[in-house]
file my_file.tsv (TSV, C-alpha atoms)
chain	number	residue	atom	x	y	z
A	1	MET	CA	0.00	0.00	0.00
A	2	ALA	CA	1.35	3.44	-0.93
A	3	ILE	CA	1.90	5.79	1.97
A	4	ILE	CA	3.19	8.59	-0.31
A	5	THR	CA	1.92	9.32	-3.82
A	6	VAL	CA	3.36	12.10	-5.99
A	7	ASP	CA	1.46	12.70	-9.23
A	8	HIS	CA	2.79	15.00	-11.96
A	9	LEU	CA	4.34	17.39	-9.46
A	10	ARG	CA	5.43	20.76	-10.84
A	11	LYS	CA	7.10	23.55	-8.87
A	12	THR	CA	8.24	26.90	-10.22
A	13	TYR	CA	9.86	29.97	-8.68
A	14	GLY	CA	8.89	32.84	-10.90
A	15	THR	CA	10.11	31.86	-14.35
A	16	ARG	CA	12.47	29.16	-13.05
A	17	VAL	CA	11.19	25.60	-13.18
A	18	ALA	CA	12.57	23.51	-10.31
A	19	VAL	CA	10.40	20.42	-10.83
A	20	GLU	CA	8.68	19.81	-14.15
A	21	ASP	CA	6.89	16.47	-13.99
A	22	VAL	CA	7.62	14.12	-11.09
A	23	SER	CA	5.50	11.06	-10.29
A	24	PHE	CA	6.24	8.14	-7.96
A	25	SER	CA	4.75	6.29	-5.01
A	26	VAL	CA	6.35	5.01	-1.81
A	27	LYS	CA	5.21	1.81	-0.15
A	28	GLU	CA	4.75	1.71	3.59
A	29	GLY	CA	7.82	0.35	5.36
A	30	GLU	CA	10.28	0.71	2.47
A	31	VAL	CA	13.35	2.87	2.04
A	32	PHE	CA	12.74	4.87	-1.14
A	33	GLY	CA	15.66	6.78	-2.58
A	34	ILE	CA	15.68	9.89	-4.74
A	35	VAL	CA	18.89	10.48	-6.67
A	36	GLY	CA	19.97	13.15	-9.10
A	37	ARG	CA	22.66	15.71	-9.71
A	38	ASN	CA	22.78	19.07	-7.96
A	39	GLY	CA	19.84	21.18	-9.09
A	40	ALA	CA	17.89	18.21	-10.44
A	41	GLY	CA	14.88	18.95	-8.20
A	42	LYS	CA	15.41	16.40	-5.41
A	43	THR	CA	15.14	18.71	-2.42
A	44	THR	CA	12.23	20.67	-3.88
A	45	THR	CA	10.37	17.39	-4.39
A	46	VAL	CA	10.78	16.17	-0.82
A	47	GLU	CA	9.99	19.63	0.59
A	48	CYS	CA	6.66	19.44	-1.26
A	49	VAL	CA	6.10	15.97	0.22
A	50	ALA	CA	6.87	17.31	3.70
A	51	GLY	CA	4.46	20.21	3.29
A	52	LEU	CA	7.24	22.79	3.43
A	53	ARG	CA	6.47	24.01	-0.10
A	54	THR	CA	3.24	24.24	-2.06
A	55	PRO	CA	3.24	22.59	-5.50
A	56	THR	CA	2.55	24.82	-8.49
A	57	ALA	CA	0.71	21.92	-10.14
A	58	GLY	CA	0.13	18.24	-9.58
A	59	THR	CA	-0.71	16.52	-6.32
A	60	VAL	CA	1.11	15.07	-3.32
A	61	THR	CA	-0.80	12.65	-1.11
A	62	VAL	CA	0.65	11.52	2.23
A	63	ASP	CA	-1.25	8.92	4.24
A	64	ALA	CA	-0.07	10.38	7.54
A	65	ASP	CA	-0.52	13.48	9.66
A	66	LEU	CA	2.22	15.83	8.44
A	67	LYS	CA	2.79	17.43	11.84
A	68	GLU	CA	2.59	14.36	14.06
A	69	GLN	CA	3.67	11.47	11.86
A	70	VAL	CA	6.27	12.84	9.45
A	71	GLY	CA	9.80	13.58	10.63
A	72	VAL	CA	12.13	15.66	8.47
A	73	GLN	CA	15.91	15.98	8.42
A	74	LEU	CA	16.98	18.73	6.04
A	75	GLN	CA	20.40	19.18	4.45
A	76	GLU	CA	21.82	21.24	7.31
A	77	CYS	CA	21.19	20.91	11.03
A	78	SER	CA	21.65	24.33	12.66
A	79	LEU	CA	21.08	24.89	16.38
A	80	PRO	CA	22.53	27.36	18.91
A	81	ASP	CA	26.10	26.35	19.71
A	82	LYS	CA	25.48	26.21	23.44
A	83	ILE	CA	22.34	24.10	23.42
A	84	ARG	CA	23.07	20.59	24.65
A	85	VAL	CA	22.02	17.43	22.87
A	86	GLY	CA	19.61	16.48	25.65
A	87	GLU	CA	18.08	19.97	25.71
A	88	ALA	CA	17.50	19.93	21.94
A	89	LEU	CA	15.86	16.50	22.04
A	90	ALA	CA	13.68	17.41	25.03
A	91	LEU	CA	12.59	20.63	23.30
A	92	TYR	CA	11.63	18.85	20.08
A	93	ALA	CA	9.85	16.10	22.03
A	94	SER	CA	7.64	18.76	23.64
A	95	PHE	CA	6.21	19.58	20.20
A	96	TYR	CA	4.47	16.17	19.92
A	97	SER	CA	1.57	14.55	21.72
A	98	ARG	CA	3.23	11.11	21.80
A	99	PRO	CA	6.99	11.59	21.54
A	100	ALA	CA	9.56	8.83	21.53
A	101	ASP	CA	11.93	8.28	24.43
A	102	TRP	CA	14.48	10.90	23.47
A	103	ARG	CA	17.08	9.55	25.88
A	104	ALA	CA	16.89	6.17	24.17
A	105	LEU	CA	17.16	7.88	20.76
A	106	ALA	CA	20.33	9.66	21.86
A	107	GLU	CA	21.81	6.40	23.08
A	108	GLU	CA	20.92	4.63	19.83
A	109	ALA	CA	22.54	7.45	17.84
A	110	GLY	CA	25.66	7.35	20.01
A	111	LEU	CA	25.18	10.89	21.32
A	112	ASP	CA	26.24	12.40	24.65
A	113	LEU	CA	23.24	14.22	26.17
A	114	ARG	CA	25.56	16.75	27.83
A	115	ALA	CA	27.50	17.67	24.69
A	116	PRO	CA	26.87	21.21	23.34
A	117	PHE	CA	25.88	21.44	19.70
A	118	GLY	CA	28.87	23.64	18.89
A	119	LYS	CA	31.25	20.87	19.94
A	120	LEU	CA	29.70	18.09	17.87
A	121	SER	CA	31.53	16.62	14.89
A	122	GLY	CA	29.88	16.57	11.46
A	123	GLY	CA	28.81	12.97	11.92
A	124	GLN	CA	27.40	13.64	15.39
A	125	ARG	CA	25.43	16.62	14.09
A	126	GLN	CA	23.90	14.48	11.36
A	127	ARG	CA	22.97	11.73	13.81
A	128	LEU	CA	21.42	14.36	16.09
A	129	SER	CA	19.47	15.68	13.10
A	130	VAL	CA	18.14	12.18	12.43
A	131	ALA	CA	17.25	11.72	16.11
A	132	LEU	CA	15.35	15.04	16.06
A	133	ALA	CA	13.43	13.83	12.99
A	134	LEU	CA	12.47	10.67	14.88
A	135	VAL	CA	11.60	12.18	18.25
A	136	GLY	CA	7.91	12.44	17.32
A	137	SER	CA	7.69	8.66	16.64
A	138	PRO	CA	6.90	9.28	12.95
A	139	ARG	CA	5.54	6.78	10.45
A	140	ILE	CA	7.57	8.54	7.74
A	141	ALA	CA	11.11	9.96	7.94
A	142	ILE	CA	12.32	12.28	5.18
A	143	LEU	CA	16.12	12.44	5.11
A	144	ASP	CA	17.83	14.88	2.75
A	145	GLU	CA	21.54	14.36	1.95
A	146	LEU	CA	22.20	13.07	5.46
A	147	THR	CA	25.77	11.88	4.81
A	148	THR	CA	27.10	14.64	2.56
A	149	GLY	CA	30.44	15.87	3.87
A	150	LEU	CA	30.95	12.99	6.28
A	151	ASP	CA	34.08	10.85	6.39
A	152	PRO	CA	33.68	7.14	5.51
A	153	ARG	CA	33.45	6.01	9.15
A	154	ALA	CA	30.81	8.59	10.08
A	155	ARG	CA	28.89	7.78	6.90
A	156	ARG	CA	28.76	4.07	7.74
A	157	GLU	CA	27.71	4.78	11.33
A	158	THR	CA	24.84	6.86	9.96
A	159	TRP	CA	23.88	4.07	7.54
A	160	ASP	CA	23.74	1.63	10.45
A	161	LEU	CA	21.40	4.00	12.29
A	162	ILE	CA	19.09	4.27	9.26
A	163	ALA	CA	19.01	0.49	8.89
A	164	ARG	CA	17.87	0.16	12.53
A	165	ILE	CA	15.18	2.78	11.98
A	166	ARG	CA	13.88	0.88	8.97
A	167	GLU	CA	13.68	-2.31	11.07
A	168	ARG	CA	11.14	-0.54	13.29
A	169	GLY	CA	8.78	-0.17	10.33
A	170	VAL	CA	9.42	3.52	9.62
A	171	THR	CA	8.99	4.46	5.95
A	172	ILE	CA	12.06	6.38	4.80
A	173	LEU	CA	12.27	8.82	1.90
A	174	LEU	CA	16.00	9.28	1.32
A	175	VAL	CA	17.57	11.95	-0.88
A	176	THR	CA	21.17	11.21	-1.81
A	177	HIS	CA	23.76	11.33	-4.55
A	178	PHE	CA	25.89	8.50	-3.17
A	179	MET	CA	25.27	5.37	-5.21
A	180	GLU	CA	26.84	3.19	-2.50
A	181	GLU	CA	24.29	4.63	-0.07
A	182	VAL	CA	21.48	3.68	-2.46
A	183	GLU	CA	22.80	0.14	-2.81
A	184	ARG	CA	23.22	-0.22	0.95
A	185	LEU	CA	19.86	1.19	2.08
A	186	CYS	CA	17.23	1.55	-0.64
A	187	ASP	CA	14.54	-0.89	-1.74
A	188	ARG	CA	13.64	1.27	-4.74
A	189	VAL	CA	14.92	4.52	-6.18
A	190	ALA	CA	13.72	7.32	-8.43
A	191	VAL	CA	16.26	8.95	-10.73
A	192	ILE	CA	15.46	12.64	-11.28
A	193	SER	CA	17.07	14.69	-14.01
A	194	ARG	CA	16.17	18.31	-14.78
A	195	GLY	CA	12.96	18.11	-12.78
A	196	ARG	CA	11.70	14.91	-14.36
A	197	VAL	CA	11.72	11.28	-13.26
A	198	ARG	CA	13.82	9.23	-15.65
A	199	ALA	CA	13.30	5.86	-13.95
A	200	VAL	CA	11.87	4.21	-10.84
A	201	ASP	CA	13.22	0.77	-10.03
A	202	THR	CA	15.22	-1.31	-7.59
A	203	PRO	CA	18.97	-0.65	-7.59
A	204	GLU	CA	19.42	-3.99	-9.36
A	205	GLY	CA	16.75	-3.06	-11.89
A	206	LEU	CA	18.49	0.21	-12.73
A	207	VAL	CA	21.73	-1.66	-13.37
A	208	ALA	CA	19.86	-4.06	-15.65
A	209	ARG	CA	18.42	-1.10	-17.58
A	210	ALA	CA	21.97	0.07	-18.21
A	211	GLY	CA	22.74	-3.27	-19.82
A	212	GLY	CA	23.88	-5.30	-16.84
A	213	GLU	CA	26.95	-6.16	-18.88
A	214	GLN	CA	29.91	-8.08	-17.50
A	215	ARG	CA	33.46	-7.83	-18.79
A	216	LEU	CA	36.27	-10.34	-18.39
A	217	VAL	CA	39.75	-9.01	-19.13
A	218	PHE	CA	42.78	-11.29	-19.20
A	219	HIS	CA	45.98	-12.23	-21.03
A	220	THR	CA	46.39	-15.57	-22.79
A	221	ASP	CA	48.49	-17.14	-25.50
A	222	ASP	CA	45.71	-19.59	-26.43
A	223	PRO	CA	43.25	-19.09	-29.31
A	224	VAL	CA	40.00	-17.45	-28.23
A	225	ASP	CA	37.80	-18.04	-31.28
A	226	ASP	CA	35.78	-20.76	-29.49
A	227	LEU	CA	34.64	-18.18	-26.92
A	228	ARG	CA	32.60	-16.34	-29.54
A	229	ALA	CA	30.25	-19.31	-29.90
A	230	LEU	CA	29.23	-19.31	-26.24
A	231	PRO	CA	25.62	-18.11	-25.65
A	232	GLU	CA	26.75	-16.02	-22.67
A	233	VAL	CA	29.27	-14.09	-24.78
A	234	ALA	CA	28.32	-10.93	-26.63
A	235	SER	CA	31.73	-9.98	-27.97
A	236	VAL	CA	35.41	-10.90	-27.86
A	237	THR	CA	38.15	-8.39	-28.64
A	238	VAL	CA	41.90	-8.87	-28.64
A	239	ALA	CA	44.35	-6.01	-28.28
A	240	ASP	CA	48.13	-5.93	-28.32
A	241	VAL	CA	49.14	-3.99	-25.20
A	242	GLY	CA	52.87	-4.66	-25.38
A	243	ASN	CA	53.08	-7.56	-22.92
A	244	GLY	CA	51.07	-9.99	-24.97
A	245	PRO	CA	47.50	-10.14	-26.26
A	246	GLU	CA	44.87	-8.71	-23.88
A	247	VAL	CA	41.45	-10.29	-24.33
A	248	THR	CA	38.20	-8.57	-23.35
A	249	VAL	CA	35.07	-10.73	-23.26
A	250	THR	CA	31.70	-9.08	-22.70
A	251	GLY	CA	28.45	-10.84	-21.94
A	252	THR	CA	25.78	-11.70	-19.39
A	253	GLY	CA	24.65	-14.55	-17.15
A	254	GLU	CA	27.25	-17.04	-15.91
A	255	LEU	CA	29.92	-15.52	-18.11
A	256	LEU	CA	32.92	-16.45	-15.94
A	257	SER	CA	31.93	-20.11	-15.65
A	258	ALA	CA	31.22	-20.39	-19.37
A	259	VAL	CA	34.58	-18.89	-20.34
A	260	ALA	CA	36.44	-21.01	-17.76
A	261	ALA	CA	34.93	-24.19	-19.24
A	262	VAL	CA	36.51	-23.37	-22.61
A	263	LEU	CA	39.64	-21.61	-21.40
A	264	PRO	CA	40.74	-22.83	-17.94
A	265	PRO	CA	42.12	-20.22	-15.51
A	266	SER	CA	45.49	-21.95	-15.66
A	267	ARG	CA	45.73	-20.76	-19.29
A	268	THR	CA	45.03	-17.08	-18.46
A	269	ARG	CA	46.98	-14.36	-16.67
A	270	GLY	CA	45.79	-11.29	-14.77
A	271	LEU	CA	42.11	-12.20	-14.98
A	272	ARG	CA	39.75	-9.53	-13.71
A	273	MET	CA	35.99	-9.18	-13.88
A	274	GLU	CA	34.16	-5.87	-14.28
A	275	ARG	CA	30.43	-5.34	-13.94
A	276	THR	CA	28.04	-2.52	-14.76
A	277	THR	CA	27.60	-0.50	-11.57
A	278	LEU	CA	24.85	1.74	-10.25
A	279	ASP	CA	27.11	4.68	-11.09
A	280	ASP	CA	27.14	3.46	-14.70
A	281	ALA	CA	23.35	3.18	-14.68
A	282	PHE	CA	23.00	6.70	-13.26
A	283	LEU	CA	25.19	8.13	-16.02
A	284	VAL	CA	23.24	6.25	-18.69
A	285	LEU	CA	19.94	7.65	-17.35
A	286	THR	CA	21.09	11.24	-16.76
A	287	GLY	CA	24.27	11.81	-18.75
A	288	LYS	CA	22.71	12.98	-22.00
A	289	GLU	CA	20.30	15.33	-20.27
A	290	GLU	CA	22.88	17.02	-18.03
A	291	SER	CA	26.23	16.63	-19.73

call {"tool": "encode", "arguments": {"input": "my_file.tsv", "output": "structure tokens"}}
result
Amino acid sequence: MAIITVDHLRKTYGTRVAVEDVSFSVKEGEVFGIVGRNGAGKTTTVECVAGLRTPTAGTVTVDADLKEQVGVQLQECSLPDKIRVGEALALYASFYSRPADWRALAEEAGLDLRAPFGKLSGGQRQRLSVALALVGSPRIAILDELTTGLDPRARRETWDLIARIRERGVTILLVTHFMEEVERLCDRVAVISRGRVRAVDTPEGLVARAGGEQRLVFHTDDPVDDLRALPEVASVTVADVGNGPEVTVTGTGELLSAVAAVLPPSRTRGLRMERTTLDDAFLVLTGKEES
């Protein structure tokens, strides 16, 4: 069942069109990602979902009370430097009729209740921002670029927190431009380019749309003509790179096993396998529009 439905959303600011035609739905309990380059319309879209902006055209339907059941973490968390973590959480909890246990939220996020906001690291500020979005016990959490600017360790700690939130049944609408984040967290994802949705699919489905091609690259002194007859093989090319012939085999399915049956690994050198990635899929879907 869809808990969020966006239908032909359009948002303009004067003569500037931020979102032209965006449609998607989010199922209850899933992590739904929105990806796109800077200026693609991601933040404007989720701000319309959150009720922070009014659409110029189209409709946004949210099956939840926006004030009580939707928590929002925007791109930047800004609080007075001297306010302590516990004070901020207690203040936000007072805005709701049935708040969560904010002390437990701070513990789950790895936050010191006594720490002043001005002394928090970037990762701690983001985790506090997430905790503030969850303090009202929402059914939906909207998280906008929550790991931008974080180091790899802080990013992974934040991902772990989001995964635990999802386990509690909270529906998450996640805006990001990190493809690894999408692969780690999202059930489905919408790719937005210049204010329009180019695709909505699972991360695996987006890769498949980009071709899902595999490439085997290796050196061998053996003939490779027999490889061309394999059903898994799309093409075989041989190049002279100075240290012997380099063979590139492209294809799908169980490509490695099929090639190994004809040309055993003992007869190859420097074998490596390359696959189409989510980054590749993103470039295929948006590259022409925004290059």

call {"tool": "closest_residue", "arguments": {"input": "my_file.tsv", "among": "A:Arg125, A:His219, A:Arg228, A:Arg269", "to": "Leu150 (chain A)", "atoms": "all atoms listed in the file"}}
result
A:Arg125

call {"tool": "atom_distance", "arguments": {"input": "my_file.tsv", "atom1": "CA of Ala57 (chain A)", "atom2": "CA of Lys42 (chain A)"}}
result
16.4 Å

call {"tool": "residues_around", "arguments": {"input": "my_file.tsv", "residues": "region 43-56 of chain A", "least_positions_apart": "5", "cutoff": "8 Å", "atoms": "only C-alpha atoms", "output": "list of chain:residue names"}}
result
A:Ile4, A:Val6, A:Leu9, A:Arg10, A:Lys11, A:Thr12, A:Ala18, A:Val19, A:Val22, A:Thr61, A:Val62, A:Leu66, A:Val70, A:Val72, A:Ile142, A:Asp144, A:Leu173, A:Val175

call {"tool": "write_last_selection", "arguments": {"input": "my_file.tsv", "atoms": "C-alpha atoms", "output": "PDB file, in the coordinates of the input"}}
result
ATOM      1  CA  ILE A   4       3.190   8.590  -0.310  1.00  0.00           C
ATOM      2  CA  VAL A   6       3.360  12.100  -5.990  1.00  0.00           C
ATOM      3  CA  LEU A   9       4.340  17.390  -9.460  1.00  0.00           C
ATOM      4  CA  ARG A  10       5.430  20.760 -10.840  1.00  0.00           C
ATOM      5  CA  LYS A  11       7.100  23.550  -8.870  1.00  0.00           C
ATOM      6  CA  THR A  12       8.240  26.900 -10.220  1.00  0.00           C
ATOM      7  CA  ALA A  18      12.570  23.510 -10.310  1.00  0.00           C
ATOM      8  CA  VAL A  19      10.400  20.420 -10.830  1.00  0.00           C
ATOM      9  CA  VAL A  22       7.620  14.120 -11.090  1.00  0.00           C
ATOM     10  CA  THR A  61      -0.800  12.650  -1.110  1.00  0.00           C
ATOM     11  CA  VAL A  62       0.650  11.520   2.230  1.00  0.00           C
ATOM     12  CA  LEU A  66       2.220  15.830   8.440  1.00  0.00           C
ATOM     13  CA  VAL A  70       6.270  12.840   9.450  1.00  0.00           C
ATOM     14  CA  VAL A  72      12.130  15.660   8.470  1.00  0.00           C
ATOM     15  CA  ILE A 142      12.320  12.280   5.180  1.00  0.00           C
ATOM     16  CA  ASP A 144      17.830  14.880   2.750  1.00  0.00           C
ATOM     17  CA  LEU A 173      12.270   8.820   1.900  1.00  0.00           C
ATOM     18  CA  VAL A 175      17.570  11.950  -0.880  1.00  0.00           C
TER      19      VAL A 175
END

call {"tool": "atom_distance", "arguments": {"input": "my_file.tsv", "atom1": "CA of Ala210 (chain A)", "atom2": "CA of Thr248 (chain A)"}}
result
19.1 Å

call {"tool": "closest_residue", "arguments": {"input": "my_file.tsv", "among": "A:Asp160, A:Glu30, A:Asp279, A:Asp21", "to": "Arg196 (chain A)", "atoms": "all atoms listed in the file"}}
result
A:Asp21

call {"tool": "closest_residue", "arguments": {"input": "my_file.tsv", "among": "A:Ala208, A:Val200, A:Ala260, A:Ile165", "to": "Gly33 (chain A)", "atoms": "all atoms listed in the file"}}
result
A:Val200

call {"tool": "residues_near_point", "arguments": {"input": "my_file.tsv", "point": "(25.0, 11.8, 14.5)", "cutoff": "7 Å", "atoms": "all atoms listed in the file", "output": "PyMOL selection string"}}
result
chain A and resi 109+111+123-129+158

call {"tool": "residues_around", "arguments": {"input": "my_file.tsv", "residues": "region 85-98 of chain A", "least_positions_apart": "2", "cutoff": "10 Å", "atoms": "only C-alpha atoms", "output": "JSON, numbers by chain"}}
result
{"A": [67, 68, 69, 79, 80, 82, 83, 100, 101, 102, 103, 105, 106, 111, 112, 113, 114, 115, 116, 117, 120, 124, 125, 128, 129, 131, 132, 133, 134, 135, 136, 137, 138]}

call {"tool": "closest_residue", "arguments": {"input": "my_file.tsv", "among": "A:His8, A:Arg194, A:Arg267, A:Arg272", "to": "Asp221 (chain A)", "atoms": "all atoms listed in the file"}}
result
A:Arg267

call {"tool": "atom_distance", "arguments": {"input": "my_file.tsv", "atom1": "CA of Ala64 (chain A)", "atom2": "CA of Ile162 (chain A)"}}
result
20.2 Å

call {"tool": "residues_around", "arguments": {"input": "my_file.tsv", "residues": "Gly244 (chain A)", "least_positions_apart": "5", "cutoff": "12 Å", "atoms": "only C-alpha atoms", "output": "PyMOL selection string"}}
result
chain A and resi 218-222+238-239+268-270

call {"tool": "closest_residue", "arguments": {"input": "my_file.tsv", "among": "A:Gly29, A:Thr277, A:Pro152, A:Gly211", "to": "Arg168 (chain A)", "atoms": "only C-alpha atoms"}}
result
A:Gly29

call {"tool": "closest_residue", "arguments": {"input": "my_file.tsv", "among": "A:Ala2, A:Val35, A:Leu74, A:Val189", "to": "Leu146 (chain A)", "atoms": "all atoms listed in the file"}}
result
A:Leu74

call {"tool": "axis_aligned_box", "arguments": {"input": "my_file.tsv", "around": "region 148-156 of chain A", "padding_each_side": "4 Å", "output": "lines of an AutoDock Vina configuration file"}}
result
center_x = 30.6
center_y = 10.0
center_z = 6.3
size_x = 15.0
size_y = 19.8
size_z = 15.5

call {"tool": "residues_near_point", "arguments": {"input": "my_file.tsv", "point": "(14.4, 9.4, -16.3)", "cutoff": "10 Å", "atoms": "only C-alpha atoms", "output": "list in words"}}
result
Val22, Gly36, Ala190, Val191, Ile192, Ser193, Arg194, Gly195, Arg196, Val197, Arg198, Ala199, Val200, Phe282, Val284, Leu285, Thr286 and Glu289 of chain A

call {"tool": "residues_around", "arguments": {"input": "my_file.tsv", "residues": "Val182 (chain A)", "least_positions_apart": "4", "cutoff": "10 Å", "atoms": "all atoms listed in the file", "output": "MDAnalysis selection string"}}
result
chainID A and resid 31:35 174:178 186:189 202:203 278

call {"tool": "build_atoms", "arguments": {"input": "my_file.tsv", "residues": "region 114-128 of chain A", "atoms": "N, CA and C atoms", "output": "PDB file, in the coordinates of the input"}}
result
ATOM      1  N   ARG A 114      24.986  15.518  27.247  1.00  0.00           N
ATOM      2  CA  ARG A 114      25.560  16.750  27.830  1.00  0.00           C
ATOM      3  C   ARG A 114      26.362  17.559  26.823  1.00  0.00           C
ATOM      4  N   ALA A 115      26.637  17.000  25.659  1.00  0.00           N
ATOM      5  CA  ALA A 115      27.500  17.670  24.690  1.00  0.00           C
ATOM      6  C   ALA A 115      26.805  18.877  24.066  1.00  0.00           C
ATOM      7  N   PRO A 116      27.460  20.050  24.020  1.00  0.00           N
ATOM      8  CA  PRO A 116      26.870  21.210  23.340  1.00  0.00           C
ATOM      9  C   PRO A 116      26.938  21.043  21.835  1.00  0.00           C
ATOM     10  N   PHE A 117      25.957  21.585  21.154  1.00  0.00           N
ATOM     11  CA  PHE A 117      25.880  21.440  19.700  1.00  0.00           C
ATOM     12  C   PHE A 117      27.144  21.941  19.017  1.00  0.00           C
ATOM     13  N   GLY A 118      27.692  23.046  19.506  1.00  0.00           N
ATOM     14  CA  GLY A 118      28.870  23.640  18.890  1.00  0.00           C
ATOM     15  C   GLY A 118      30.106  22.768  18.939  1.00  0.00           C
ATOM     16  N   LYS A 119      30.105  21.757  19.802  1.00  0.00           N
ATOM     17  CA  LYS A 119      31.250  20.870  19.940  1.00  0.00           C
ATOM     18  C   LYS A 119      31.089  19.550  19.196  1.00  0.00           C
ATOM     19  N   LEU A 120      29.955  19.356  18.558  1.00  0.00           N
ATOM     20  CA  LEU A 120      29.700  18.090  17.870  1.00  0.00           C
ATOM     21  C   LEU A 120      30.462  18.030  16.547  1.00  0.00           C
ATOM     22  N   SER A 121      30.918  16.835  16.200  1.00  0.00           N
ATOM     23  CA  SER A 121      31.530  16.620  14.890  1.00  0.00           C
ATOM     24  C   SER A 121      30.442  16.616  13.815  1.00  0.00           C
ATOM     25  N   GLY A 122      30.856  16.606  12.553  1.00  0.00           N
ATOM     26  CA  GLY A 122      29.880  16.570  11.460  1.00  0.00           C
ATOM     27  C   GLY A 122      28.989  15.347  11.530  1.00  0.00           C
ATOM     28  N   GLY A 123      29.597  14.190  11.821  1.00  0.00           N
ATOM     29  CA  GLY A 123      28.810  12.970  11.920  1.00  0.00           C
ATOM     30  C   GLY A 123      27.841  12.989  13.086  1.00  0.00           C
ATOM     31  N   GLN A 124      28.283  13.538  14.226  1.00  0.00           N
ATOM     32  CA  GLN A 124      27.400  13.640  15.390  1.00  0.00           C
ATOM     33  C   GLN A 124      26.246  14.600  15.124  1.00  0.00           C
ATOM     34  N   ARG A 125      26.511  15.677  14.411  1.00  0.00           N
ATOM     35  CA  ARG A 125      25.430  16.620  14.090  1.00  0.00           C
ATOM     36  C   ARG A 125      24.389  15.958  13.192  1.00  0.00           C
ATOM     37  N   GLN A 126      24.848  15.155  12.232  1.00  0.00           N
ATOM     38  CA  GLN A 126      23.900  14.480  11.360  1.00  0.00           C
ATOM     39  C   GLN A 126      23.082  13.448  12.123  1.00  0.00           C
ATOM     40  N   ARG A 127      23.715  12.710  13.028  1.00  0.00           N
ATOM     41  CA  ARG A 127      22.970  11.730  13.810  1.00  0.00           C
ATOM     42  C   ARG A 127      21.987  12.414  14.749  1.00  0.00           C
ATOM     43  N   LEU A 128      22.366  13.585  15.280  1.00  0.00           N
ATOM     44  CA  LEU A 128      21.420  14.360  16.090  1.00  0.00           C
ATOM     45  C   LEU A 128      20.248  14.808  15.223  1.00  0.00           C
TER      46      LEU A 128
END
